[in-house]
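Asker: For reference, this is final-v1.cif, and it has mmCIF, C-alpha atoms.
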```cif
data_upload
loop_
_atom_site.label_atom_id
_atom_site.label_comp_id
_atom_site.auth_asym_id
_atom_site.auth_seq_id
_atom_site.Cartn_x
_atom_site.Cartn_y
_atom_site.Cartn_z
CA MET A 1 1.52 -22.75 26.13
CA ALA A 2 3.75 -25.41 24.66
CA LYS A 3 6.53 -26.84 26.76
CA VAL A 4 9.78 -28.06 25.32
CA LEU A 5 11.35 -30.79 27.40
CA VAL A 6 14.76 -32.37 26.83
CA VAL A 7 15.54 -35.86 28.08
CA THR A 8 19.28 -35.92 28.58
CA SER A 9 22.00 -37.64 30.64
CA GLY A 10 25.52 -37.29 29.27
CA LYS A 11 26.13 -41.00 29.66
CA GLY A 12 24.72 -43.45 27.14
CA GLY A 13 22.57 -46.45 27.93
CA VAL A 14 20.93 -45.05 31.06
CA GLY A 15 17.41 -44.94 29.61
CA LYS A 16 16.92 -41.65 27.73
CA THR A 17 15.05 -43.17 24.80
CA THR A 18 13.00 -45.51 27.01
CA SER A 19 12.09 -42.55 29.21
CA THR A 20 11.27 -40.28 26.25
CA ALA A 21 8.86 -42.89 24.84
CA ALA A 22 7.32 -43.73 28.22
CA LEU A 23 6.82 -40.11 29.31
CA GLY A 24 5.59 -39.07 25.87
CA ALA A 25 2.97 -41.82 25.82
CA ALA A 26 1.94 -41.12 29.43
CA LEU A 27 1.45 -37.41 28.68
CA ALA A 28 -0.44 -38.19 25.46
CA GLN A 29 -2.75 -40.49 27.44
CA THR A 30 -3.87 -37.51 29.49
CA GLY A 31 -5.11 -35.95 26.25
CA LYS A 32 -2.16 -33.63 25.62
CA ASN A 33 -0.80 -33.25 22.12
CA VAL A 34 2.69 -34.66 22.30
CA VAL A 35 5.56 -35.01 19.86
CA VAL A 36 8.68 -37.00 20.69
CA VAL A 37 11.70 -35.87 18.68
CA ASP A 38 14.77 -38.02 18.11
CA PHE A 39 17.92 -35.86 18.09
CA ASP A 40 20.29 -38.81 17.91
CA VAL A 41 21.24 -38.27 14.28
CA GLY A 42 23.03 -41.28 12.79
CA LEU A 43 22.01 -43.59 15.63
CA ARG A 44 18.27 -43.20 15.72
CA ASN A 45 16.39 -45.57 17.99
CA LEU A 46 13.29 -43.79 19.22
CA ASP A 47 11.41 -45.05 16.13
CA LEU A 48 12.27 -48.63 17.11
CA ILE A 49 11.25 -48.20 20.76
CA MET A 50 7.98 -46.59 19.62
CA GLY A 51 7.35 -49.39 17.09
CA ALA A 52 7.32 -47.02 14.11
CA GLU A 53 10.57 -48.06 12.40
CA ARG A 54 8.80 -49.18 9.24
CA ARG A 55 6.78 -46.01 8.88
CA VAL A 56 9.68 -43.53 8.63
CA VAL A 57 9.61 -41.58 5.38
CA TYR A 58 11.08 -38.18 6.19
CA ASP A 59 13.13 -37.21 9.21
CA LEU A 60 14.26 -34.27 11.33
CA ILE A 61 17.09 -33.37 8.94
CA ASN A 62 14.75 -33.30 5.93
CA VAL A 63 12.51 -30.87 7.82
CA VAL A 64 15.39 -28.76 9.13
CA GLN A 65 16.82 -28.46 5.63
CA GLY A 66 13.42 -27.66 4.14
CA ASP A 67 13.24 -30.81 1.97
CA ALA A 68 10.04 -31.91 3.70
CA LYS A 69 7.29 -30.19 5.61
CA LEU A 70 6.91 -30.93 9.31
CA ALA A 71 3.49 -32.52 8.68
CA GLN A 72 5.04 -34.91 6.16
CA ALA A 73 7.69 -36.13 8.57
CA LEU A 74 5.51 -36.54 11.67
CA ILE A 75 4.38 -40.11 12.36
CA ARG A 76 1.15 -40.48 14.27
CA ASP A 77 1.16 -43.26 16.87
CA LYS A 78 -1.15 -46.16 16.05
CA ARG A 79 -2.28 -46.54 19.66
CA LEU A 80 -2.66 -42.92 20.77
CA GLU A 81 -3.94 -40.32 18.37
CA THR A 82 -2.41 -37.41 20.30
CA LEU A 83 1.11 -38.89 20.15
CA PHE A 84 3.51 -38.14 17.29
CA LEU A 85 7.10 -39.03 16.47
CA LEU A 86 9.65 -36.99 14.56
CA PRO A 87 12.43 -39.47 13.75
CA ALA A 88 16.13 -38.72 13.35
CA SER A 89 18.05 -39.46 10.19
CA GLN A 90 19.94 -42.72 10.15
CA THR A 91 22.24 -41.94 7.25
CA ARG A 92 23.24 -38.29 7.67
CA ASP A 93 25.50 -36.92 10.36
CA LYS A 94 24.73 -34.39 13.03
CA ASP A 95 26.45 -31.54 11.13
CA ALA A 96 23.46 -31.51 8.80
CA LEU A 97 21.48 -29.91 11.63
CA THR A 98 21.86 -26.14 11.56
CA SER A 99 21.04 -24.07 14.64
CA GLU A 100 18.73 -21.80 12.62
CA GLY A 101 16.92 -24.74 11.02
CA VAL A 102 16.38 -26.44 14.35
CA ALA A 103 15.10 -23.15 15.83
CA ARG A 104 12.56 -22.80 13.02
CA VAL A 105 11.28 -26.38 13.39
CA MET A 106 11.08 -26.05 17.18
CA ALA A 107 9.01 -22.87 16.83
CA GLU A 108 6.64 -24.68 14.47
CA MET A 109 6.27 -27.60 16.87
CA ARG A 110 5.61 -25.22 19.79
CA GLU A 111 2.58 -23.93 17.89
CA ARG A 112 1.22 -27.35 17.11
CA PHE A 113 1.81 -29.33 20.31
CA ASP A 114 1.39 -29.05 24.07
CA TRP A 115 4.59 -30.97 24.72
CA VAL A 116 7.72 -31.25 22.57
CA ILE A 117 9.95 -33.95 24.07
CA CYS A 118 13.50 -34.05 22.70
CA ASP A 119 15.45 -37.28 23.07
CA SER A 120 19.09 -36.20 23.35
CA PRO A 121 22.03 -38.18 22.03
CA ALA A 122 24.60 -39.28 24.61
CA GLY A 123 27.67 -37.13 25.15
CA ILE A 124 28.12 -33.40 25.64
CA GLU A 125 28.94 -32.40 22.07
CA ARG A 126 26.97 -30.48 19.47
CA GLY A 127 24.14 -33.01 19.09
CA ALA A 128 23.39 -33.01 22.81
CA GLN A 129 23.67 -29.21 22.94
CA LEU A 130 21.25 -28.77 20.02
CA ALA A 131 18.75 -31.10 21.72
CA MET A 132 18.83 -29.06 24.94
CA TYR A 133 19.14 -25.56 23.46
CA HIS A 134 15.42 -24.74 23.16
CA ALA A 135 14.26 -26.56 26.27
CA ASP A 136 12.14 -25.00 29.00
CA THR A 137 12.47 -28.09 31.17
CA ALA A 138 15.04 -30.84 31.40
CA VAL A 139 14.73 -34.39 32.63
CA VAL A 140 18.16 -35.65 33.64
CA VAL A 141 18.12 -39.44 33.45
CA THR A 142 20.56 -40.97 35.92
CA ASN A 143 21.40 -44.48 37.06
CA PRO A 144 22.47 -44.96 40.70
CA GLU A 145 26.04 -45.57 39.57
CA VAL A 146 29.14 -43.38 39.82
CA SER A 147 29.86 -42.71 36.14
CA SER A 148 26.23 -41.86 35.39
CA VAL A 149 26.03 -39.45 38.33
CA ARG A 150 29.25 -37.75 37.29
CA ASP A 151 28.04 -37.30 33.69
CA SER A 152 24.69 -35.98 34.92
CA ASP A 153 26.57 -33.35 36.90
CA ARG A 154 28.31 -32.24 33.69
CA ILE A 155 25.02 -32.09 31.83
CA ILE A 156 23.43 -29.99 34.59
CA GLY A 157 26.31 -27.54 34.17
CA LEU A 158 25.63 -27.37 30.41
CA LEU A 159 21.89 -26.87 30.95
CA ASP A 160 22.73 -23.87 33.12
CA SER A 161 25.08 -22.32 30.56
CA LYS A 162 24.46 -23.55 27.00
CA THR A 163 20.69 -23.28 26.61
CA GLU A 164 18.69 -20.42 25.15
CA ARG A 165 17.10 -19.79 28.53
CA ALA A 166 20.47 -19.70 30.28
CA GLU A 167 21.81 -17.28 27.65
CA ARG A 168 18.84 -14.98 28.29
CA GLY A 169 19.55 -15.16 32.03
CA GLU A 170 16.44 -17.22 32.69
CA ARG A 171 16.17 -20.44 34.63
CA ILE A 172 15.66 -23.79 33.03
CA SER A 173 13.84 -26.20 35.33
CA LYS A 174 15.71 -29.43 35.84
CA HIS A 175 14.38 -32.71 37.18
CA LEU A 176 16.13 -35.91 38.16
CA LEU A 177 14.74 -39.18 36.86
CA LEU A 178 16.48 -42.04 38.64
CA THR A 179 16.27 -45.16 36.49
CA ARG A 180 17.20 -48.82 36.95
CA TYR A 181 16.85 -48.40 40.68
CA ASP A 182 16.90 -51.50 42.85
CA PRO A 183 15.50 -50.74 46.32
CA VAL A 184 16.74 -54.04 47.73
CA ARG A 185 20.35 -53.43 46.69
CA ALA A 186 20.15 -49.82 47.86
CA ALA A 187 18.87 -50.96 51.28
CA ARG A 188 21.70 -53.49 51.42
CA GLY A 189 24.20 -50.69 50.87
CA ASP A 190 25.38 -51.91 47.48
CA MET A 191 23.74 -49.20 45.38
CA LEU A 192 23.63 -45.42 45.80
CA LYS A 193 20.41 -44.45 47.53
CA THR A 194 18.00 -41.89 46.11
CA GLU A 195 19.00 -39.44 48.87
CA ASP A 196 22.69 -39.85 47.96
CA VAL A 197 22.10 -38.99 44.30
CA LEU A 198 19.79 -36.10 45.18
CA GLU A 199 22.28 -34.67 47.63
CA ILE A 200 25.11 -34.87 45.12
CA LEU A 201 23.24 -33.45 42.11
CA SER A 202 20.88 -31.15 44.08
CA ILE A 203 18.04 -30.98 41.57
CA PRO A 204 14.45 -31.97 42.40
CA LEU A 205 13.33 -35.56 41.93
CA LEU A 206 10.80 -36.31 39.19
CA GLY A 207 10.56 -40.05 39.75
CA ILE A 208 12.25 -43.32 40.55
CA ILE A 209 11.96 -46.02 37.91
CA PRO A 210 12.67 -49.47 39.33
CA GLU A 211 14.92 -51.89 37.47
CA SER A 212 12.52 -54.20 35.72
CA GLN A 213 12.33 -56.84 33.03
CA ASP A 214 9.19 -55.16 31.72
CA VAL A 215 11.31 -52.41 30.11
CA LEU A 216 13.08 -54.90 27.84
CA LYS A 217 9.82 -56.71 27.11
CA ALA A 218 8.23 -53.43 26.00
CA SER A 219 11.15 -52.54 23.74
CA ASN A 220 11.04 -56.04 22.22
CA LEU A 221 7.45 -55.28 21.25
CA GLY A 222 8.14 -51.72 20.05
CA SER A 223 5.86 -50.13 22.59
CA PRO A 224 6.50 -47.51 25.25
CA VAL A 225 6.44 -49.36 28.59
CA THR A 226 3.55 -47.18 29.76
CA LEU A 227 1.43 -48.61 26.91
CA ALA A 228 2.82 -52.15 26.71
CA ASP A 229 2.01 -53.02 30.30
CA PRO A 230 0.38 -50.11 32.14
CA THR A 231 0.13 -52.01 35.43
CA SER A 232 3.83 -52.93 35.53
CA ALA A 233 6.06 -51.24 38.11
CA PRO A 234 8.08 -49.10 35.63
CA ALA A 235 4.90 -48.03 33.80
CA ARG A 236 3.31 -46.83 37.03
CA ALA A 237 6.51 -45.01 37.97
CA TYR A 238 6.62 -43.28 34.57
CA MET A 239 2.95 -42.32 34.78
CA ASP A 240 3.51 -40.75 38.20
CA ALA A 241 6.51 -38.85 36.77
CA ALA A 242 4.39 -37.60 33.85
CA ARG A 243 1.70 -36.34 36.23
CA ARG A 244 4.36 -34.53 38.24
CA LEU A 245 5.48 -32.86 35.01
CA LEU A 246 1.89 -31.64 34.64
CA GLY A 247 2.15 -30.03 38.07
CA GLU A 248 0.37 -32.62 40.18
CA THR A 249 1.71 -33.49 43.61
CA ILE A 250 2.07 -37.23 44.01
CA ASP A 251 3.75 -39.06 46.87
CA MET A 252 7.14 -40.40 45.85
CA SER A 253 7.06 -44.15 46.08
CA ILE A 254 8.91 -46.89 44.25
CA PRO A 255 6.38 -49.17 42.61
CA THR A 256 7.24 -52.85 42.87
CA ASP A 257 6.18 -55.78 40.80
CA ARG A 258 3.45 -57.75 42.46
CA LYS A 259 4.63 -61.31 42.20
CA GLY A 260 2.45 -64.31 42.78
CA LEU A 261 3.76 -67.64 43.96
CA PHE A 262 4.73 -68.56 40.40
CA GLY A 263 6.67 -65.33 39.99
CA LYS A 264 8.41 -65.83 43.31
CA LEU A 265 9.44 -69.34 42.37
CA PHE A 266 10.51 -68.68 38.80
CA GLY A 267 10.86 -64.90 38.58
CA ARG A 268 14.59 -64.96 39.21
CA ARG A 269 15.51 -67.60 36.71
CA VAL A 270 16.31 -65.33 33.80
CA ALA A 271 17.81 -62.54 35.89
CA MET B 1 40.23 -62.98 50.48
CA SER B 2 40.60 -63.86 54.14
CA LEU B 3 38.02 -65.77 56.10
CA PHE B 4 37.34 -62.60 58.06
CA ASN B 5 36.28 -60.75 54.90
CA LEU B 6 33.89 -63.51 53.98
CA PHE B 7 31.80 -62.82 57.03
CA ARG B 8 32.17 -59.08 57.25
CA ARG B 9 30.70 -57.75 53.99
CA ARG B 10 31.34 -54.05 53.68
CA SER B 11 28.69 -52.08 51.83
CA THR B 12 30.02 -50.28 48.77
CA ALA B 13 27.50 -47.48 48.28
CA PRO B 14 29.01 -45.17 50.95
CA VAL B 15 32.36 -45.46 49.15
CA ALA B 16 30.72 -44.48 45.85
CA ARG B 17 29.03 -41.53 47.49
CA GLU B 18 32.23 -40.25 49.07
CA ARG B 19 34.27 -40.65 45.87
CA LEU B 20 31.63 -38.74 43.91
CA GLN B 21 31.43 -35.93 46.43
CA ILE B 22 35.18 -35.37 46.34
CA LEU B 23 35.45 -35.69 42.55
CA LEU B 24 32.53 -33.40 41.72
CA ALA B 25 33.57 -30.72 44.19
CA HIS B 26 36.83 -30.61 42.21
CA GLU B 27 35.30 -30.84 38.72
CA ARG B 28 32.72 -28.12 39.36
CA VAL B 29 35.45 -25.63 40.24
CA ALA B 30 37.54 -26.72 37.27
CA GLY B 31 34.50 -26.34 35.00
CA SER B 32 33.80 -22.77 36.04
CA HIS B 33 37.53 -22.03 35.59
CA SER B 34 37.64 -23.30 32.07
CA GLN B 35 34.64 -21.19 31.22
CA LEU B 36 36.23 -18.06 32.67
CA VAL B 37 39.46 -18.84 30.83
CA ALA B 38 37.56 -19.28 27.55
CA VAL B 39 35.79 -15.95 27.96
CA LEU B 40 39.05 -14.18 28.84
CA GLN B 41 40.77 -15.71 25.85
CA GLU B 42 38.01 -14.57 23.49
CA GLU B 43 37.97 -11.04 24.82
CA ILE B 44 41.75 -10.66 24.78
CA LEU B 45 41.80 -11.94 21.20
CA ALA B 46 39.12 -9.43 20.23
CA VAL B 47 41.11 -6.56 21.69
CA ILE B 48 44.31 -7.61 19.91
CA ALA B 49 42.46 -8.18 16.63
CA LYS B 50 41.47 -4.52 16.63
CA HIS B 51 45.11 -3.54 16.29
CA MET B 52 46.88 -6.40 14.57
CA GLN B 53 46.44 -9.81 13.03
CA ILE B 54 47.29 -12.65 15.33
CA ASP B 55 46.94 -16.42 15.36
CA ARG B 56 44.28 -17.69 17.74
CA ASP B 57 46.66 -20.19 19.29
CA LYS B 58 49.31 -17.51 19.95
CA VAL B 59 47.27 -16.30 22.92
CA VAL B 60 47.45 -18.64 25.90
CA VAL B 61 45.46 -17.96 29.03
CA LYS B 62 46.11 -20.04 32.13
CA LEU B 63 44.38 -19.81 35.45
CA ASP B 64 45.83 -21.50 38.51
CA ARG B 65 43.79 -21.43 41.68
CA GLY B 66 45.69 -22.39 44.79
CA THR B 67 44.57 -22.20 48.39
CA GLU B 68 47.02 -19.37 49.12
CA VAL B 69 47.81 -17.74 45.81
CA SER B 70 45.98 -17.74 42.50
CA THR B 71 47.69 -16.73 39.29
CA LEU B 72 46.40 -15.63 35.94
CA GLU B 73 48.97 -16.12 33.21
CA ILE B 74 48.45 -14.52 29.82
CA ASP B 75 50.99 -15.35 27.18
CA ILE B 76 50.72 -13.50 23.88
CA GLU B 77 53.22 -14.36 21.22
CA MET B 78 53.66 -11.39 18.90
CA PRO B 79 54.14 -12.06 15.21
CA ALA B 80 57.70 -11.09 14.19
CA GLN B 81 56.92 -9.26 10.96
CA VAL B 82 53.88 -7.29 11.98
CA ARG B 83 54.28 -4.14 13.95
CA ALA B 84 51.60 -2.21 15.74
CA PRO B 85 49.64 -0.19 13.17
CA ALA B 86 51.19 3.19 12.56
CA ARG B 87 49.55 6.04 14.34
CA ALA B 88 48.31 9.06 12.50
#
```
Once you've parsed the file, please lay out its structure as structure tokens.

Answerer:
Amino acid sequence: MAKVLVVTSGKGGVGKTTSTAALGAALAQTGKNVVVVDFDVGLRNLDLIMGAERRVVYDLINVVQGDAKLAQALIRDKRLETLFLLPASQTRDKDALTSEGVARVMAEMRERFDWVICDSPAGIERGAQLAMYHADTAVVVTNPEVSSVRDSDRIIGLLDSKTERAERGERISKHLLLTRYDPVRAARGDMLKTEDVLEILSIPLLGIIPESQDVLKASNLGSPVTLADPTSAPARAYMDAARRLLGETIDMSIPTDRKGLFGKLFGRRVA
Amino acid sequence: MSLFNLFRRRSTAPVARERLQILLAHERVAGSHSQLVAVLQEEILAVIAKHMQIDRDKVVVKLDRGTEVSTLEIDIEMPAQVRAPARA
């Protein structure tokens, strides 16, 4: 049974695309057939984060409008043969996506893949609503920061009212992915703690991704962080989150970077 | 900043948490209101449309929830030239 998962947040810049790529690669590493779909029409970036920007021929809009077949638009990852990307269009606007067309393509992807991961655009408008409409599961990406938490609360409201499942009176499962978390600042009282965010949003926790320079390094290289540096703290946190999505029970811990003497001496210089 | 403040650093996260709790408690209620209002507006429009033509923005639905009294205000501006359809 295929699962459609939307990675959403309301607010921009909190880590939706990073998380889509990292979770997609982590799930594909377990042998699942995974497609990551960029719904951010006009501002596509998932191709860049996945390192496939020069291999885009057709995109989601071409497939939705019937100008290309799904198989023609899918880009197979060079590192993982079970991982595919369906890029967004960079030149068209989001109005080129029709609800019926998206429904048809989603149904086709459900037949072909175990996981369909939709990277939502920021905001709460049509693009974000199309990305979430067919989802069975939602990952709400949130930073421990007031505006991000507020926007996540809005998105949770939309997930409960504007999705196909909600319209049918069914539940959509929602998970919180707390990103850019700094345990030291949280302990100092200068950043919302995990418990605070959980209490406010009251959805179950999927994982805590620590703030880390490895995320930027991975995106520089065009590789999901889970593939670029699998032993790094964010990669381990994303892999734990992916295993939780698969139903495993894993203790919630915040991985930290193991720093040697060199790292301790010089690690802070660029921060 | 006084010297006193320099030594007594207040943590900011509890402030963030409290502000969010107050704000979201308010926004969640407002959100469910606006949805109810939208549904009411659509259904009222549908009923009127059965009998006469009317501009969508001539029907205004307002919901005010107070602690003591709540009011539902429905303002329908009738078109001057159109009368109710003649009955058989």

Asker: Please compute the atom CA of Arg104 of chain A-atom CA of Asn45 of chain A distance, one decimal, in Å.

Answerer: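 Pair atom CA of Arg104 of chain A / atom CA of Asn45 of chain A returns 23.6 Å.
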
Asker: Using all atoms listed in the file, what does the table of chain B residues within 12 Å of chain A look like, with each row giving the shortest atom pair and its distance in Å to one decimal, sorted by chain and ascending number, as CSV?

Answerer:
```
residue,atom,partner,partner_atom,distance
B:Arg9,CA,A:Gly189,CA,10.1
B:Arg10,CA,A:Gly189,CA,8.4
B:Ser11,CA,A:Gly189,CA,4.8
B:Thr12,CA,A:Asp190,CA,5.1
B:Ala13,CA,A:Asp190,CA,5.0
B:Pro14,CA,A:Gly189,CA,7.3
B:Val15,CA,A:Leu192,CA,9.4
B:Ala16,CA,A:Val146,CA,6.3
B:Arg17,CA,A:Asp196,CA,6.6
B:Glu18,CA,A:Asp196,CA,9.6
B:Arg19,CA,A:Val146,CA,8.4
B:Leu20,CA,A:Val146,CA,6.7
B:Gln21,CA,A:Ile200,CA,6.5
B:Ile22,CA,A:Ile200,CA,10.2
B:Leu23,CA,A:Arg150,CA,8.4
B:Leu24,CA,A:Arg150,CA,7.0
B:Ala25,CA,A:Ile200,CA,9.5
B:His26,CA,A:Arg150,CA,11.5
B:Glu27,CA,A:Arg154,CA,8.7
B:Arg28,CA,A:Gly157,CA,8.3
B:Val29,CA,A:Gly157,CA,11.1
B:Ala30,CA,A:Arg154,CA,11.3
B:Gly31,CA,A:Gly157,CA,8.3
B:Ser32,CA,A:Gly157,CA,9.1
B:Gln35,CA,A:Ser161,CA,9.6
```

Asker: Write out, as a tab-separated table (two decimals), keeping the file's coordinate frame, the residues just selected, with C-alpha atoms.

Answerer:
```
chain	number	residue	atom	x	y	z
B	9	ARG	CA	30.70	-57.75	53.99
B	10	ARG	CA	31.34	-54.05	53.68
B	11	SER	CA	28.69	-52.08	51.83
B	12	THR	CA	30.02	-50.28	48.77
B	13	ALA	CA	27.50	-47.48	48.28
B	14	PRO	CA	29.01	-45.17	50.95
B	15	VAL	CA	32.36	-45.46	49.15
B	16	ALA	CA	30.72	-44.48	45.85
B	17	ARG	CA	29.03	-41.53	47.49
B	18	GLU	CA	32.23	-40.25	49.07
B	19	ARG	CA	34.27	-40.65	45.87
B	20	LEU	CA	31.63	-38.74	43.91
B	21	GLN	CA	31.43	-35.93	46.43
B	22	ILE	CA	35.18	-35.37	46.34
B	23	LEU	CA	35.45	-35.69	42.55
B	24	LEU	CA	32.53	-33.40	41.72
B	25	ALA	CA	33.57	-30.72	44.19
B	26	HIS	CA	36.83	-30.61	42.21
B	27	GLU	CA	35.30	-30.84	38.72
B	28	ARG	CA	32.72	-28.12	39.36
B	29	VAL	CA	35.45	-25.63	40.24
B	30	ALA	CA	37.54	-26.72	37.27
B	31	GLY	CA	34.50	-26.34	35.00
B	32	SER	CA	33.80	-22.77	36.04
B	35	GLN	CA	34.64	-21.19	31.22
```

Asker: Here's the selection I'm unsure about, the PyMOL selection byres ((chain A and resi 141) around 6); applied to the file above, which residues does it give, as an mmCIF file with C-alpha atoms, keeping the file's coordinate frame?

Answerer:
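See expr_7.cif below for the written result:
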```cif
data_model
loop_
_atom_site.group_PDB
_atom_site.id
_atom_site.type_symbol
_atom_site.label_atom_id
_atom_site.label_comp_id
_atom_site.auth_asym_id
_atom_site.auth_seq_id
_atom_site.Cartn_x
_atom_site.Cartn_y
_atom_site.Cartn_z
ATOM 1 C CA SER A 9 22.000 -37.640 30.640
ATOM 2 C CA VAL A 140 18.160 -35.650 33.640
ATOM 3 C CA THR A 142 20.560 -40.970 35.920
ATOM 4 C CA LEU A 177 14.740 -39.180 36.860
#
```

Asker: How many Å lie between atom CA of Asp214 of chain A and atom CA of Ser232 of chain A, rounded to one decimal?

Answerer: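 Straight-line distance from atom CA of Asp214 of chain A to atom CA of Ser232 of chain A works out to 6.9 Å.
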
Asker: So how far away is atom CA of Val102 of chain A from atom CA of Gly66 of chain A, in Å?

Answerer: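 Going from atom CA of Gly66 of chain A over to atom CA of Val102 of chain A covers 10.7 Å.
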
Asker: With distances taken over all atoms listed in the file, which of A:Val35, A:Leu43, A:Leu5, A:Ala26 is nearest to His175 of chain A?

Answerer: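 Nearest candidate to His175 of chain A out of A:Val35, A:Leu43, A:Leu5, A:Ala26: A:Leu5.
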
Asker: Neighbours of Pro255 of chain A within 10 Å (all atoms listed in the file; same-chain residues fewer than 3 positions away dropped), as a list of chain:residue names?

Answerer: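 Result of the neighbour search: A:Pro183, A:Ile208, A:Ile209, A:Pro210, A:Thr231, A:Ser232, A:Ala233, A:Pro234, A:Ala235, A:Arg236, A:Ala237, A:Tyr238, A:Asp240, A:Met252, A:Arg258.
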
Asker: Can you translate the PyMOL selection byres ((chain A and resi 90) around 9) into the concrete residues it hits in this file, as a list of chain:residue names?

Answerer: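 Output from the PyMOL selection byres ((chain A and resi 90) around 9), applied to this file: A:Asp40, A:Val41, A:Gly42, A:Leu43, A:Arg44, A:Asp59, A:Pro87, A:Ala88, A:Ser89, A:Thr91, A:Arg92, A:Asp93.
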
Asker: Just so the selection is clear, what residues does the PyMOL selection byres ((chain B and resi 45) around 10) cover here, as a list in words?

Answerer: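 Applying the expression gives Val39, Leu40, Gln41, Glu42, Glu43, Ile44, Ala46, Val47, Ile48, Ala49, Lys50, Gln53, Ile54, Asp55, Arg56, Asp57, Lys58, Val59, Val60 and Ile76 of chain B.
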
Asker: Which of these, A:Asp136, A:Asp77, A:Asp251, A:Glu108, has the shortest distance to Thr163 of chain A once you count all atoms listed in the file?

Answerer: A:Asp136

Asker: So which residues are close to (26.1, -30.4, 21.7), meaning at most 12 Å away in the file's coordinates with all atoms listed in the file counted, and can you show them as number ranges by chain?

Answerer: A: 8, 10, 39-41, 94-95, 97-99, 120-133, 155, 158-159, 162-163
